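Chemist: Just one file: target-v3.txt, with compact mmCIF, C-alpha atoms and all ligand atoms.
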# COMPACT_ATOMS: atom_id res chain seq x y z
CA MET A 1249 4.28 -20.85 -24.43
CA THR A 1250 5.55 -17.57 -25.87
CA ARG A 1251 3.24 -15.77 -28.28
CA SER A 1252 4.33 -15.79 -31.88
CA THR A 1253 3.62 -12.08 -32.48
CA PHE A 1254 4.45 -8.97 -30.48
CA LEU A 1255 1.53 -7.61 -28.41
CA PRO A 1256 1.49 -3.82 -28.78
CA PHE A 1257 1.01 -1.85 -25.56
CA ALA A 1258 -2.05 0.25 -26.41
CA PRO A 1259 -3.35 -0.12 -29.99
CA PRO A 1260 -6.38 2.02 -30.95
CA LEU A 1261 -9.83 0.52 -31.60
CA ILE A 1262 -11.10 2.11 -34.83
CA GLY A 1263 -14.28 0.88 -36.53
CA ASP A 1264 -15.97 1.31 -39.90
CA GLU A 1265 -18.03 4.21 -38.52
CA GLU A 1266 -14.87 6.29 -37.94
CA ILE A 1267 -13.44 5.32 -41.34
CA ASP A 1268 -16.70 6.08 -43.20
CA GLU A 1269 -17.05 9.47 -41.48
CA VAL A 1270 -13.48 10.42 -42.45
CA VAL A 1271 -14.21 9.45 -46.05
CA ARG A 1272 -17.47 11.47 -46.00
CA THR A 1273 -15.57 14.45 -44.58
CA LEU A 1274 -13.00 14.27 -47.37
CA ARG A 1275 -15.77 13.99 -49.97
CA ASP A 1276 -17.75 16.90 -48.45
CA GLY A 1277 -14.71 19.08 -49.02
CA TRP A 1278 -14.63 20.82 -45.60
CA ILE A 1279 -11.58 19.22 -44.04
CA THR A 1280 -10.31 21.74 -41.48
CA THR A 1281 -12.18 23.07 -38.40
CA GLY A 1282 -15.88 23.29 -39.18
CA PRO A 1283 -19.23 21.63 -38.53
CA ARG A 1284 -17.80 18.29 -37.38
CA ALA A 1285 -15.51 19.92 -34.82
CA GLN A 1286 -18.54 21.89 -33.54
CA ARG A 1287 -20.59 18.73 -33.27
CA PHE A 1288 -17.74 16.87 -31.51
CA GLU A 1289 -17.44 19.72 -29.00
CA ALA A 1290 -21.18 19.68 -28.26
CA ASP A 1291 -21.33 15.88 -27.91
CA PHE A 1292 -18.25 15.85 -25.70
CA ALA A 1293 -19.51 18.65 -23.44
CA ARG A 1294 -22.81 16.78 -22.98
CA LEU A 1295 -21.01 13.53 -22.12
CA VAL A 1296 -18.83 14.99 -19.36
CA GLY A 1297 -21.32 17.62 -18.18
CA ALA A 1298 -19.13 20.58 -19.14
CA PRO A 1299 -20.63 24.06 -19.61
CA ALA A 1300 -18.46 24.58 -22.73
CA ALA A 1301 -15.79 22.76 -24.76
CA LEU A 1302 -13.12 23.66 -27.31
CA ALA A 1303 -11.65 21.01 -29.64
CA VAL A 1304 -7.92 21.46 -30.22
CA ASN A 1305 -4.98 19.55 -31.68
CA SER A 1306 -3.61 18.12 -28.39
CA ALA A 1307 -4.00 18.09 -24.62
CA THR A 1308 -0.74 20.02 -24.44
CA SER A 1309 -2.34 22.80 -26.52
CA ALA A 1310 -5.45 22.63 -24.30
CA MET A 1311 -3.37 23.05 -21.11
CA HIS A 1312 -1.34 25.85 -22.70
CA LEU A 1313 -4.54 27.66 -23.72
CA ALA A 1314 -5.90 27.21 -20.19
CA LEU A 1315 -2.88 28.98 -18.68
CA VAL A 1316 -3.04 31.70 -21.36
CA ALA A 1317 -6.77 32.26 -20.79
CA LEU A 1318 -6.12 32.52 -17.03
CA GLY A 1319 -3.41 35.10 -17.66
CA VAL A 1320 -0.61 33.01 -16.11
CA GLY A 1321 2.69 34.57 -17.12
CA GLU A 1322 6.13 35.72 -16.09
CA GLY A 1323 6.56 35.99 -12.32
CA ASP A 1324 3.69 33.58 -11.64
CA ALA A 1325 4.01 30.04 -10.28
CA VAL A 1326 1.96 26.89 -10.91
CA VAL A 1327 1.96 23.93 -8.49
CA SER A 1328 1.96 20.52 -10.16
CA THR A 1329 3.10 16.93 -9.75
CA THR A 1330 6.42 15.34 -10.65
CA MET A 1331 4.58 12.13 -11.64
CA THR A 1332 3.29 13.14 -15.07
CA PHE A 1333 4.16 13.38 -18.71
CA SER A 1334 6.53 16.31 -19.10
CA SER A 1335 4.20 18.30 -21.36
CA SER A 1336 1.96 19.12 -18.37
CA ILE A 1337 4.96 21.06 -17.03
CA HIS A 1338 6.27 22.36 -20.39
CA VAL A 1339 3.17 24.53 -20.80
CA ILE A 1340 4.05 26.35 -17.56
CA GLU A 1341 7.52 27.06 -18.98
CA HIS A 1342 5.95 28.18 -22.28
CA GLN A 1343 4.27 30.97 -20.31
CA ARG A 1344 7.57 31.82 -18.57
CA ALA A 1345 5.93 30.93 -15.27
CA ARG A 1346 7.62 28.78 -12.64
CA PRO A 1347 6.56 25.16 -12.14
CA VAL A 1348 6.62 24.13 -8.48
CA LEU A 1349 6.69 20.34 -8.45
CA VAL A 1350 5.52 18.31 -5.48
CA ASP A 1351 5.37 14.64 -4.48
CA VAL A 1352 2.45 12.22 -4.79
CA GLU A 1353 0.22 10.00 -2.65
CA ARG A 1354 1.42 6.42 -2.34
CA ASP A 1355 -1.78 4.61 -3.34
CA THR A 1356 -2.86 6.52 -6.47
CA LEU A 1357 0.41 8.35 -7.30
CA ASN A 1358 -1.71 11.49 -7.70
CA ILE A 1359 -0.58 14.89 -6.42
CA ASP A 1360 -0.54 15.08 -2.61
CA PRO A 1361 -2.91 17.86 -1.41
CA ASP A 1362 -0.87 18.48 1.78
CA GLN A 1363 2.18 19.14 -0.36
CA VAL A 1364 0.17 21.43 -2.62
CA GLU A 1365 -0.84 23.50 0.38
CA ALA A 1366 2.74 23.63 1.69
CA ALA A 1367 4.03 24.68 -1.75
CA ILE A 1368 1.47 27.51 -2.02
CA LYS A 1369 2.47 28.76 1.44
CA ARG A 1370 6.20 28.82 0.71
CA THR A 1371 6.01 30.13 -2.90
CA LYS A 1372 5.30 33.69 -3.99
CA GLY A 1373 2.85 34.23 -6.86
CA VAL A 1374 1.08 30.88 -7.17
CA LYS A 1375 -1.70 31.44 -9.72
CA ALA A 1376 -2.89 27.90 -10.36
CA ILE A 1377 -2.77 24.26 -9.30
CA LEU A 1378 -2.31 21.73 -12.12
CA PRO A 1379 -3.32 18.25 -10.88
CA VAL A 1380 -3.13 15.20 -13.16
CA HIS A 1381 -5.71 12.40 -12.92
CA LEU A 1382 -3.04 9.77 -13.35
CA TYR A 1383 -3.91 6.47 -15.07
CA GLY A 1384 -7.56 7.53 -15.18
CA HIS A 1385 -7.99 7.75 -11.39
CA ALA A 1386 -9.15 11.17 -10.20
CA ALA A 1387 -6.84 13.16 -7.96
CA ASP A 1388 -8.22 14.13 -4.52
CA MET A 1389 -10.21 17.01 -6.00
CA ASP A 1390 -12.28 17.86 -2.91
CA ALA A 1391 -9.07 18.59 -1.01
CA ILE A 1392 -7.45 20.36 -3.97
CA TYR A 1393 -10.48 22.57 -4.62
CA GLU A 1394 -10.75 23.38 -0.93
CA ILE A 1395 -7.11 24.52 -0.93
CA ALA A 1396 -7.61 26.45 -4.19
CA SER A 1397 -10.68 28.22 -2.76
CA ARG A 1398 -8.89 29.20 0.42
CA HIS A 1399 -5.89 30.61 -1.44
CA GLY A 1400 -7.89 32.09 -4.35
CA VAL A 1401 -6.01 30.20 -7.09
CA ALA A 1402 -7.31 28.62 -10.30
CA VAL A 1403 -7.28 24.90 -11.12
CA VAL A 1404 -6.20 23.46 -14.49
CA GLU A 1405 -6.76 19.70 -14.61
CA ASP A 1406 -4.68 17.42 -16.82
CA ALA A 1407 -7.37 14.89 -17.75
CA ALA A 1408 -5.35 13.27 -20.56
CA HIS A 1409 -5.97 9.86 -18.94
CA SER A 1410 -9.39 10.43 -17.51
CA LEU A 1411 -12.11 10.00 -20.07
CA PRO A 1412 -14.46 8.84 -18.66
CA THR A 1413 -13.66 9.23 -14.95
CA ARG A 1414 -16.29 9.64 -12.23
CA TYR A 1415 -15.49 11.47 -9.05
CA HIS A 1416 -18.06 11.56 -6.24
CA GLY A 1417 -20.94 11.25 -8.67
CA ARG A 1418 -19.80 13.73 -11.31
CA MET A 1419 -17.67 13.34 -14.43
CA ILE A 1420 -14.17 14.79 -14.62
CA GLY A 1421 -14.66 17.70 -17.03
CA SER A 1422 -17.75 18.97 -15.20
CA PRO A 1423 -17.51 21.88 -12.73
CA GLN A 1424 -16.69 21.16 -9.09
CA PRO A 1425 -19.82 22.19 -7.12
CA GLY A 1426 -19.32 25.39 -5.16
CA PHE A 1427 -15.91 26.26 -6.58
CA GLU A 1428 -15.74 29.98 -7.35
CA GLN A 1429 -12.31 30.26 -9.01
CA PRO A 1430 -11.83 29.54 -12.71
CA ASN A 1431 -11.32 25.87 -13.49
CA LEU A 1432 -10.37 24.32 -16.83
CA VAL A 1433 -9.91 20.68 -17.81
CA ALA A 1434 -7.72 19.32 -20.65
CA PHE A 1435 -8.33 15.95 -22.36
CA SER A 1436 -6.08 14.11 -24.83
CA PHE A 1437 -7.04 12.13 -27.92
CA TYR A 1438 -3.48 11.01 -28.69
CA ALA A 1439 -3.15 7.63 -30.44
CA THR A 1440 -2.80 5.62 -27.21
CA LYS A 1441 -5.51 7.34 -25.17
CA ASN A 1442 -8.96 5.92 -24.25
CA LEU A 1443 -10.56 7.92 -27.07
CA THR A 1444 -8.35 8.82 -30.02
CA THR A 1445 -8.39 11.10 -33.04
CA GLY A 1446 -4.76 10.27 -33.86
CA GLU A 1447 -3.73 13.59 -32.34
CA GLY A 1448 -6.19 15.86 -30.60
CA GLY A 1449 -7.49 17.32 -27.39
CA MET A 1450 -10.40 19.09 -25.71
CA LEU A 1451 -10.55 21.93 -23.22
CA THR A 1452 -13.63 22.22 -21.02
CA GLY A 1453 -14.56 24.99 -18.62
CA PRO A 1454 -16.68 28.12 -18.09
CA PRO A 1455 -18.06 29.54 -21.37
CA ASP A 1456 -16.26 32.91 -21.11
CA LEU A 1457 -12.84 31.31 -20.62
CA ILE A 1458 -13.51 28.74 -23.35
CA GLU A 1459 -14.40 31.55 -25.78
CA ASP A 1460 -11.18 33.39 -24.85
CA ALA A 1461 -9.27 30.16 -25.43
CA ARG A 1462 -11.03 29.72 -28.78
CA VAL A 1463 -9.73 33.09 -29.99
CA TRP A 1464 -6.21 32.21 -28.79
CA SER A 1465 -6.47 28.78 -30.47
CA LEU A 1466 -6.86 30.19 -33.98
CA HIS A 1467 -4.49 33.05 -34.74
CA GLY A 1468 -6.23 35.42 -32.33
CA MET A 1469 -8.92 36.09 -34.92
CA SER A 1470 -12.09 37.63 -33.59
CA ARG A 1471 -14.43 35.16 -35.31
CA ASP A 1472 -14.37 31.56 -36.53
CA ALA A 1473 -12.17 31.30 -39.59
CA PHE A 1474 -14.42 28.76 -41.19
CA LYS A 1475 -17.40 31.11 -41.21
CA ARG A 1476 -15.38 33.46 -43.41
CA TYR A 1477 -15.66 31.00 -46.24
CA THR A 1478 -19.30 29.99 -45.91
CA SER A 1479 -22.25 31.69 -47.60
CA GLU A 1480 -23.16 33.66 -44.47
CA GLY A 1481 -19.51 34.62 -43.89
CA SER A 1482 -17.68 37.83 -44.63
CA TRP A 1483 -14.09 38.45 -45.72
CA TYR A 1484 -13.62 40.82 -42.79
CA TYR A 1485 -12.04 39.74 -39.52
CA GLU A 1486 -9.93 41.34 -36.84
CA VAL A 1487 -6.85 39.97 -35.12
CA VAL A 1488 -7.22 40.85 -31.46
CA LEU A 1489 -4.44 38.68 -29.98
CA PRO A 1490 -1.17 37.09 -31.14
CA GLY A 1491 -2.85 33.67 -31.16
CA PHE A 1492 -1.67 30.13 -31.74
CA LYS A 1493 -2.58 27.46 -34.31
CA TYR A 1494 -4.18 24.84 -32.08
CA ASN A 1495 -7.53 24.12 -33.79
CA MET A 1496 -8.84 20.61 -34.49
CA PRO A 1497 -9.51 19.81 -38.18
CA ASP A 1498 -12.84 18.19 -39.15
CA VAL A 1499 -11.04 15.12 -40.51
CA GLN A 1500 -10.01 14.37 -36.92
CA ALA A 1501 -13.30 15.46 -35.37
CA ALA A 1502 -14.93 12.91 -37.71
CA ILE A 1503 -13.00 10.17 -35.90
CA GLY A 1504 -13.76 11.67 -32.49
CA MET A 1505 -17.54 11.81 -33.08
CA HIS A 1506 -17.65 8.05 -33.55
CA GLN A 1507 -15.06 7.22 -30.90
CA LEU A 1508 -17.37 9.03 -28.49
CA LYS A 1509 -20.26 6.72 -29.46
CA ARG A 1510 -17.95 3.76 -28.96
CA LEU A 1511 -16.66 4.96 -25.58
CA ASP A 1512 -19.11 3.00 -23.39
CA SER A 1513 -18.34 -0.32 -25.03
CA MET A 1514 -14.59 0.40 -25.08
CA GLN A 1515 -14.72 1.16 -21.35
CA ARG A 1516 -16.64 -2.03 -20.60
CA ARG A 1517 -13.88 -3.95 -22.36
CA ARG A 1518 -11.17 -2.07 -20.44
CA ARG A 1519 -12.82 -2.88 -17.12
CA ALA A 1520 -13.17 -6.55 -18.09
CA ILE A 1521 -9.44 -6.74 -18.85
CA VAL A 1522 -8.61 -4.95 -15.59
CA ALA A 1523 -10.76 -7.47 -13.69
CA GLN A 1524 -8.88 -10.36 -15.35
CA TYR A 1525 -5.50 -8.81 -14.48
CA ASP A 1526 -6.59 -8.11 -10.89
CA GLU A 1527 -7.91 -11.59 -10.34
CA ALA A 1528 -4.79 -13.31 -11.63
CA LEU A 1529 -2.09 -10.97 -10.35
CA ALA A 1530 -3.36 -9.81 -6.95
CA GLN A 1531 -2.64 -13.29 -5.56
CA LEU A 1532 1.09 -12.98 -6.25
CA PRO A 1533 2.85 -11.44 -3.21
CA GLU A 1534 5.64 -10.26 -5.52
CA LEU A 1535 3.23 -7.82 -7.18
CA GLU A 1536 1.04 -4.90 -6.17
CA THR A 1537 -2.07 -4.26 -8.28
CA PRO A 1538 -3.76 -0.84 -8.71
CA VAL A 1539 -6.39 0.68 -6.39
CA GLU A 1540 -9.68 2.46 -6.96
CA ARG A 1541 -10.61 4.71 -4.06
CA GLU A 1542 -14.11 4.89 -2.57
CA GLY A 1543 -16.25 7.27 -4.67
CA VAL A 1544 -13.99 7.11 -7.74
CA GLU A 1545 -14.61 5.26 -10.99
CA SER A 1546 -11.33 5.17 -12.88
CA ALA A 1547 -11.16 5.46 -16.67
CA TRP A 1548 -8.50 2.71 -16.44
CA HIS A 1549 -6.26 4.32 -19.02
CA ILE A 1550 -3.26 2.45 -17.66
CA TYR A 1551 -2.88 -0.74 -15.64
CA LEU A 1552 -0.10 -0.02 -13.18
CA LEU A 1553 1.82 -2.94 -11.76
CA ARG A 1554 4.26 -2.40 -8.91
CA LEU A 1555 6.98 -4.92 -8.12
CA ASN A 1556 7.69 -5.88 -4.53
CA THR A 1557 11.34 -5.90 -5.48
CA GLU A 1558 12.56 -7.32 -2.15
CA ARG A 1559 10.74 -10.52 -3.15
CA LEU A 1560 12.28 -10.65 -6.63
CA LYS A 1561 15.78 -11.35 -7.95
CA ILE A 1562 15.31 -8.96 -10.87
CA ASP A 1563 14.63 -5.26 -11.07
CA ARG A 1564 11.96 -3.37 -13.02
CA ALA A 1565 14.12 -2.85 -16.13
CA ARG A 1566 14.87 -6.56 -16.33
CA PHE A 1567 11.19 -7.41 -15.74
CA ILE A 1568 10.25 -5.34 -18.81
CA GLU A 1569 13.01 -7.03 -20.84
CA GLU A 1570 11.64 -10.42 -19.79
CA LEU A 1571 8.17 -9.35 -20.97
CA ARG A 1572 9.63 -8.19 -24.28
CA ALA A 1573 11.40 -11.54 -24.67
CA ARG A 1574 7.93 -13.09 -24.35
CA ASN A 1575 6.55 -10.70 -27.02
CA ILE A 1576 4.65 -8.52 -24.56
CA GLY A 1577 4.94 -4.73 -24.88
CA ALA A 1578 5.15 -2.95 -21.51
CA SER A 1579 5.98 0.63 -20.60
CA VAL A 1580 6.62 3.01 -17.66
CA HIS A 1581 4.33 5.93 -16.74
CA PHE A 1582 6.16 8.05 -16.06
CA ILE A 1583 9.82 8.90 -15.68
CA PRO A 1584 9.18 11.62 -13.06
CA VAL A 1585 9.75 15.17 -14.23
CA HIS A 1586 12.37 15.79 -11.52
CA LEU A 1587 14.68 13.26 -13.24
CA HIS A 1588 14.62 14.91 -16.68
CA PRO A 1589 17.80 16.97 -17.21
CA TYR A 1590 16.01 20.17 -18.23
CA TYR A 1591 13.95 20.42 -15.04
CA ARG A 1592 16.53 18.74 -12.78
CA ASP A 1593 19.22 21.24 -13.76
CA ARG A 1594 17.08 24.36 -14.14
CA TYR A 1595 15.45 24.01 -10.71
CA GLY A 1596 18.09 21.92 -8.90
CA LEU A 1597 15.61 19.09 -8.28
CA LYS A 1598 16.76 15.99 -6.39
CA PRO A 1599 15.13 12.56 -5.95
CA ALA A 1600 15.18 13.12 -2.17
CA GLY A 1601 12.67 15.93 -2.67
CA PHE A 1602 10.17 13.41 -4.08
CA PRO A 1603 10.63 10.25 -1.99
CA VAL A 1604 7.28 8.63 -2.88
CA ALA A 1605 7.42 9.29 -6.63
CA GLN A 1606 11.06 8.21 -6.77
CA ALA A 1607 10.54 4.94 -4.89
CA GLU A 1608 7.39 4.03 -6.83
CA TYR A 1609 8.97 4.97 -10.17
CA GLU A 1610 11.76 2.49 -9.55
CA ARG A 1611 9.33 -0.41 -9.15
CA MET A 1612 6.52 0.45 -11.59
CA LEU A 1613 5.55 -0.77 -15.00
CA SER A 1614 2.42 -0.56 -17.13
CA LEU A 1615 0.87 -3.68 -18.67
CA PRO A 1616 -0.74 -3.71 -22.13
CA LEU A 1617 -4.30 -2.37 -21.94
CA SER A 1618 -6.55 -1.69 -24.89
CA PRO A 1619 -10.15 -2.54 -25.85
CA ALA A 1620 -8.57 -3.92 -29.04
CA HIS A 1621 -6.91 -6.71 -27.04
CA THR A 1622 -8.55 -10.14 -27.15
CA ASP A 1623 -9.04 -12.57 -24.26
CA GLU A 1624 -6.10 -14.56 -25.66
CA ASP A 1625 -3.91 -11.45 -25.58
CA VAL A 1626 -4.86 -10.86 -21.94
CA ALA A 1627 -4.22 -14.52 -21.08
CA ASP A 1628 -0.80 -14.25 -22.75
CA VAL A 1629 0.09 -11.22 -20.61
CA ILE A 1630 -1.03 -12.96 -17.41
CA GLU A 1631 0.90 -16.09 -18.33
CA ALA A 1632 4.06 -14.11 -19.12
CA VAL A 1633 3.90 -12.07 -15.88
CA THR A 1634 3.20 -15.15 -13.77
CA ASP A 1635 6.00 -17.04 -15.48
CA ILE A 1636 8.53 -14.24 -14.89
CA VAL A 1637 7.52 -14.00 -11.21
CA ARG A 1638 7.81 -17.78 -10.73
CA GLU A 1639 11.26 -17.90 -12.31
CA ASN A 1640 12.59 -14.93 -10.36
CA ARG A 1641 11.13 -15.04 -6.86
CA VAL A 1642 13.66 -15.08 -4.02
C1 LIG B 1 -0.65 12.05 -23.27
C2 LIG B 1 -0.49 12.97 -22.11
C3 LIG B 1 -0.39 14.35 -22.26
C4 LIG B 1 -0.23 14.99 -23.59
O1 LIG B 1 -1.30 14.78 -24.44
P1 LIG B 1 -1.15 15.27 -25.96
O2 LIG B 1 -2.54 15.18 -26.50
O3 LIG B 1 -0.21 14.32 -26.62
O4 LIG B 1 -0.63 16.65 -25.93
C5 LIG B 1 -0.37 15.15 -21.14
N1 LIG B 1 -0.42 14.62 -19.91
C6 LIG B 1 -0.48 13.29 -19.71
C7 LIG B 1 -0.55 12.78 -18.31
C8 LIG B 1 -0.49 12.43 -20.79
O5 LIG B 1 -0.49 11.10 -20.60
Produce structure tokens that represent the structure in this file.
Modeler:
Amino acid sequence: MTRSTFLPFAPPLIGDEEIDEVVRTLRDGWITTGPRAQRFEADFARLVGAPAALAVNSATSAMHLALVALGVGEGDAVVSTTMTFSSSIHVIEHQRARPVLVDVERDTLNIDPDQVEAAIKRTKGVKAILPVHLYGHAADMDAIYEIASRHGVAVVEDAAHSLPTRYHGRMIGSPQPGFEQPNLVAFSFYATKNLTTGEGGMLTGPPDLIEDARVWSLHGMSRDAFKRYTSEGSWYYEVVLPGFKYNMPDVQAAIGMHQLKRLDSMQRRRRAIVAQYDEALAQLPELETPVEREGVESAWHIYLLRLNTERLKIDRARFIEELRARNIGASVHFIPVHLHPYYRDRYGLKPAGFPVAQAEYERMLSLPLSPAHTDEDVADVIEAVTDIVRENRV
């Protein structure tokens, strides 16, 4: 039976604690960056084991600040993956550096370390590697850090999906043991992400780089703007850089503080839903369910389903339409960067250059996944998927 209401793909789970804290913030009268942003940074850094953290208004800002703090600029190159949201690559363009996109590994769809190494060898001026922990599953960081060490390049991690992700016993956001080059990690608190502040992000990394990024994040002013207006503050400040406006307001940090406390229970719910999907869908030979590699605990931001299209009479686009007809919201993560006209035309990128990403893109879709979904919602998704497969198998 088709559900009577549309099931949204990834609704946020917001409780009274978040709402009350926002109201208190508004009543306190300090609504932009201030004590709550500071507290959110400290709590976040503790959770992921980061030496320092900077709260900002998006993961895109966090990644941009990371490249700025590392001094990546014109004439430099950054190696990244085609299988990501385009903003991971936009920030490289913002710095007038050259993005060098490579293909992904077939199981996780994360950046392929062998291709990273080959790209560094054939490209002049590679300053950084920008891996993405896609869907919440860590990229092969041991291999990537080993390559980065050998070539003396920095690592900027797009961790928009990966709160909380464990990799070989440590959290993504904590330093890779033994890595000597600078390494910065960007998280997203966009409305659909595992932890949300509506819009928002966090940059973690070594304290000196985080403090540089902090100055860049707020007009290039030499001290916190908010201190200027407190009793111990002074009217005097100096602008030392042509900075950006990337700071996180306290109204949003108020939400983040309580989302952080809710994270454990939200993740338990995510994993329970994933287990239900796996159990029901892994038995269908028309479908391929997601993997979790040995030593990795995924944040399960997205549940990726791949269609074994040779066993089906319909393609991916039609599969999503069939889900929509059954009131189930699905999506695709992502349209690879090499297909977007800006990057395709500017760098002459062709699907043949990214055979794995291209083939997997054509058969992928993402099922609804949110801790706000009920058991009935999950059962509805399973029933709809199973029904579509049954009706359309060859
Ligand atoms: C959401 C997302 C971003 C951008 O995050 P914002 O906070 O919206 O800037 C970057 N990369 C990936 C992989 C994402 O999914």
Chemist: Find the residues near ligand LIG 1 (chain B). Use a cut-off of 7 Å, count all atoms listed in the file, and write them as a list in words.
Modeler: Ser1306, Ala1307, Thr1308, Ser1309, Thr1332, Phe1333, Ser1335, Ser1336, Val1380, Leu1382, Asp1406, Ala1408, His1409, Ser1436, Phe1437, Tyr1438, Glu1447, Gly1448 and Gly1449 of chain A
Chemist: Hey, can you check how far CA of Val1499 in chain A sits from CA of Gly1297 in chain A?
Modeler: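 So the answer is 24.7 Å.
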Chemist: Could you name the residues that touch Tyr1393 in chain A at 8 Å or less, counting all atoms listed in the file, but leaving out those on the same chain fewer than 3 positions away, as number ranges by chain?
Modeler: A: 1389-1390, 1396-1397, 1403, 1424, 1427
Chemist: Return the padded bounding box of range 1352-1371 of chain A as JSON: axis-aligned, built from all atoms listed in the file, 8 Å added on each side, with centre and edge lengths in Å to one decimal.
Modeler:
{"center_x": 1.6, "center_y": 17.4, "center_z": -3.0, "size_x": 25.1, "size_y": 41.5, "size_z": 25.5}
Chemist: Pick out the residues sitting within 8 Å of range 1562-1572 of chain A, and hand them over as a list in words; count only C-alpha atoms, and ignore anything fewer than 4 positions along from it in its own chain.
Modeler: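 Returned residues: Leu1555, Thr1557, Ile1576, Gly1577, Ala1578, Ser1579, Glu1610, Arg1611, Met1612, Leu1613, Ala1632, Val1633, Ile1636 and Asn1640 of chain A.
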Chemist: Within 10 Å of Ile1368 in chain A, counting only C-alpha atoms, which residues qualify if same-chain residues fewer than 5 places away don't, as a PDB file with C-alpha atoms, in the coordinates of the input?
Modeler:
ATOM      1  CA  ALA A1325       4.010  30.040 -10.280  1.00  0.00           C
ATOM      2  CA  VAL A1326       1.960  26.890 -10.910  1.00  0.00           C
ATOM      3  CA  VAL A1327       1.960  23.930  -8.490  1.00  0.00           C
ATOM      4  CA  VAL A1348       6.620  24.130  -8.480  1.00  0.00           C
ATOM      5  CA  GLN A1363       2.180  19.140  -0.360  1.00  0.00           C
ATOM      6  CA  GLY A1373       2.850  34.230  -6.860  1.00  0.00           C
ATOM      7  CA  VAL A1374       1.080  30.880  -7.170  1.00  0.00           C
ATOM      8  CA  LYS A1375      -1.700  31.440  -9.720  1.00  0.00           C
ATOM      9  CA  ALA A1376      -2.890  27.900 -10.360  1.00  0.00           C
ATOM     10  CA  ILE A1377      -2.770  24.260  -9.300  1.00  0.00           C
ATOM     11  CA  ILE A1395      -7.110  24.520  -0.930  1.00  0.00           C
ATOM     12  CA  ALA A1396      -7.610  26.450  -4.190  1.00  0.00           C
ATOM     13  CA  HIS A1399      -5.890  30.610  -1.440  1.00  0.00           C
ATOM     14  CA  VAL A1401      -6.010  30.200  -7.090  1.00  0.00           C
TER      15      VAL A1401
END
Chemist: Of the candidates A:Val1304, A:Glu1558, A:Glu1428, A:Leu1511, which shows the shortest atom-to-atom distance to Ala1461 in chain A, using all atoms listed in the file?
Modeler: A:Val1304
Chemist: Would you please take range 1323-1362 of chain A of the structure in the block above and write C-alpha atoms to a file as a PDB file, in the first residue's frame?
Modeler:
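Ended up saving to result24.pdb:
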ATOM      1  CA  GLY A1323      49.867  28.263  -9.839  1.00  0.00           C
ATOM      2  CA  ASP A1324      49.196  25.584  -7.221  1.00  0.00           C
ATOM      3  CA  ALA A1325      47.217  22.379  -7.748  1.00  0.00           C
ATOM      4  CA  VAL A1326      44.984  20.360  -5.410  1.00  0.00           C
ATOM      5  CA  VAL A1327      44.161  16.680  -6.045  1.00  0.00           C
ATOM      6  CA  SER A1328      40.572  15.706  -5.266  1.00  0.00           C
ATOM      7  CA  THR A1329      37.780  13.343  -6.244  1.00  0.00           C
ATOM      8  CA  THR A1330      35.159  13.696  -8.963  1.00  0.00           C
ATOM      9  CA  MET A1331      32.615  11.956  -6.695  1.00  0.00           C
ATOM     10  CA  THR A1332      31.699  14.831  -4.388  1.00  0.00           C
ATOM     11  CA  PHE A1333      29.496  17.844  -3.997  1.00  0.00           C
ATOM     12  CA  SER A1334      30.877  20.537  -6.274  1.00  0.00           C
ATOM     13  CA  SER A1335      31.664  22.965  -3.447  1.00  0.00           C
ATOM     14  CA  SER A1336      34.657  20.813  -2.409  1.00  0.00           C
ATOM     15  CA  ILE A1337      36.127  21.742  -5.795  1.00  0.00           C
ATOM     16  CA  HIS A1338      34.792  25.329  -5.979  1.00  0.00           C
ATOM     17  CA  VAL A1339      37.017  26.340  -3.066  1.00  0.00           C
ATOM     18  CA  ILE A1340      40.093  25.336  -5.098  1.00  0.00           C
ATOM     19  CA  GLU A1341      38.868  27.598  -7.925  1.00  0.00           C
ATOM     20  CA  HIS A1342      38.188  30.395  -5.413  1.00  0.00           C
ATOM     21  CA  GLN A1343      41.926  30.381  -4.674  1.00  0.00           C
ATOM     22  CA  ARG A1344      42.733  30.377  -8.418  1.00  0.00           C
ATOM     23  CA  ALA A1345      44.437  27.027  -7.931  1.00  0.00           C
ATOM     24  CA  ARG A1346      43.909  24.080 -10.269  1.00  0.00           C
ATOM     25  CA  PRO A1347      41.729  21.153  -9.212  1.00  0.00           C
ATOM     26  CA  VAL A1348      43.092  17.823 -10.440  1.00  0.00           C
ATOM     27  CA  LEU A1349      40.200  15.369 -10.266  1.00  0.00           C
ATOM     28  CA  VAL A1350      40.717  11.626 -10.046  1.00  0.00           C
ATOM     29  CA  ASP A1351      38.554   8.497 -10.009  1.00  0.00           C
ATOM     30  CA  VAL A1352      37.296   6.527  -7.004  1.00  0.00           C
ATOM     31  CA  GLU A1353      37.459   3.042  -5.489  1.00  0.00           C
ATOM     32  CA  ARG A1354      34.602   0.769  -6.491  1.00  0.00           C
ATOM     33  CA  ASP A1355      33.473  -0.372  -3.035  1.00  0.00           C
ATOM     34  CA  THR A1356      33.357   2.918  -1.089  1.00  0.00           C
ATOM     35  CA  LEU A1357      33.404   5.422  -3.994  1.00  0.00           C
ATOM     36  CA  ASN A1358      36.116   7.275  -2.066  1.00  0.00           C
ATOM     37  CA  ILE A1359      39.170   8.779  -3.779  1.00  0.00           C
ATOM     38  CA  ASP A1360      41.554   6.112  -5.113  1.00  0.00           C
ATOM     39  CA  PRO A1361      45.007   6.506  -3.467  1.00  0.00           C
ATOM     40  CA  ASP A1362      46.828   5.022  -6.502  1.00  0.00           C
TER      41      ASP A1362
END
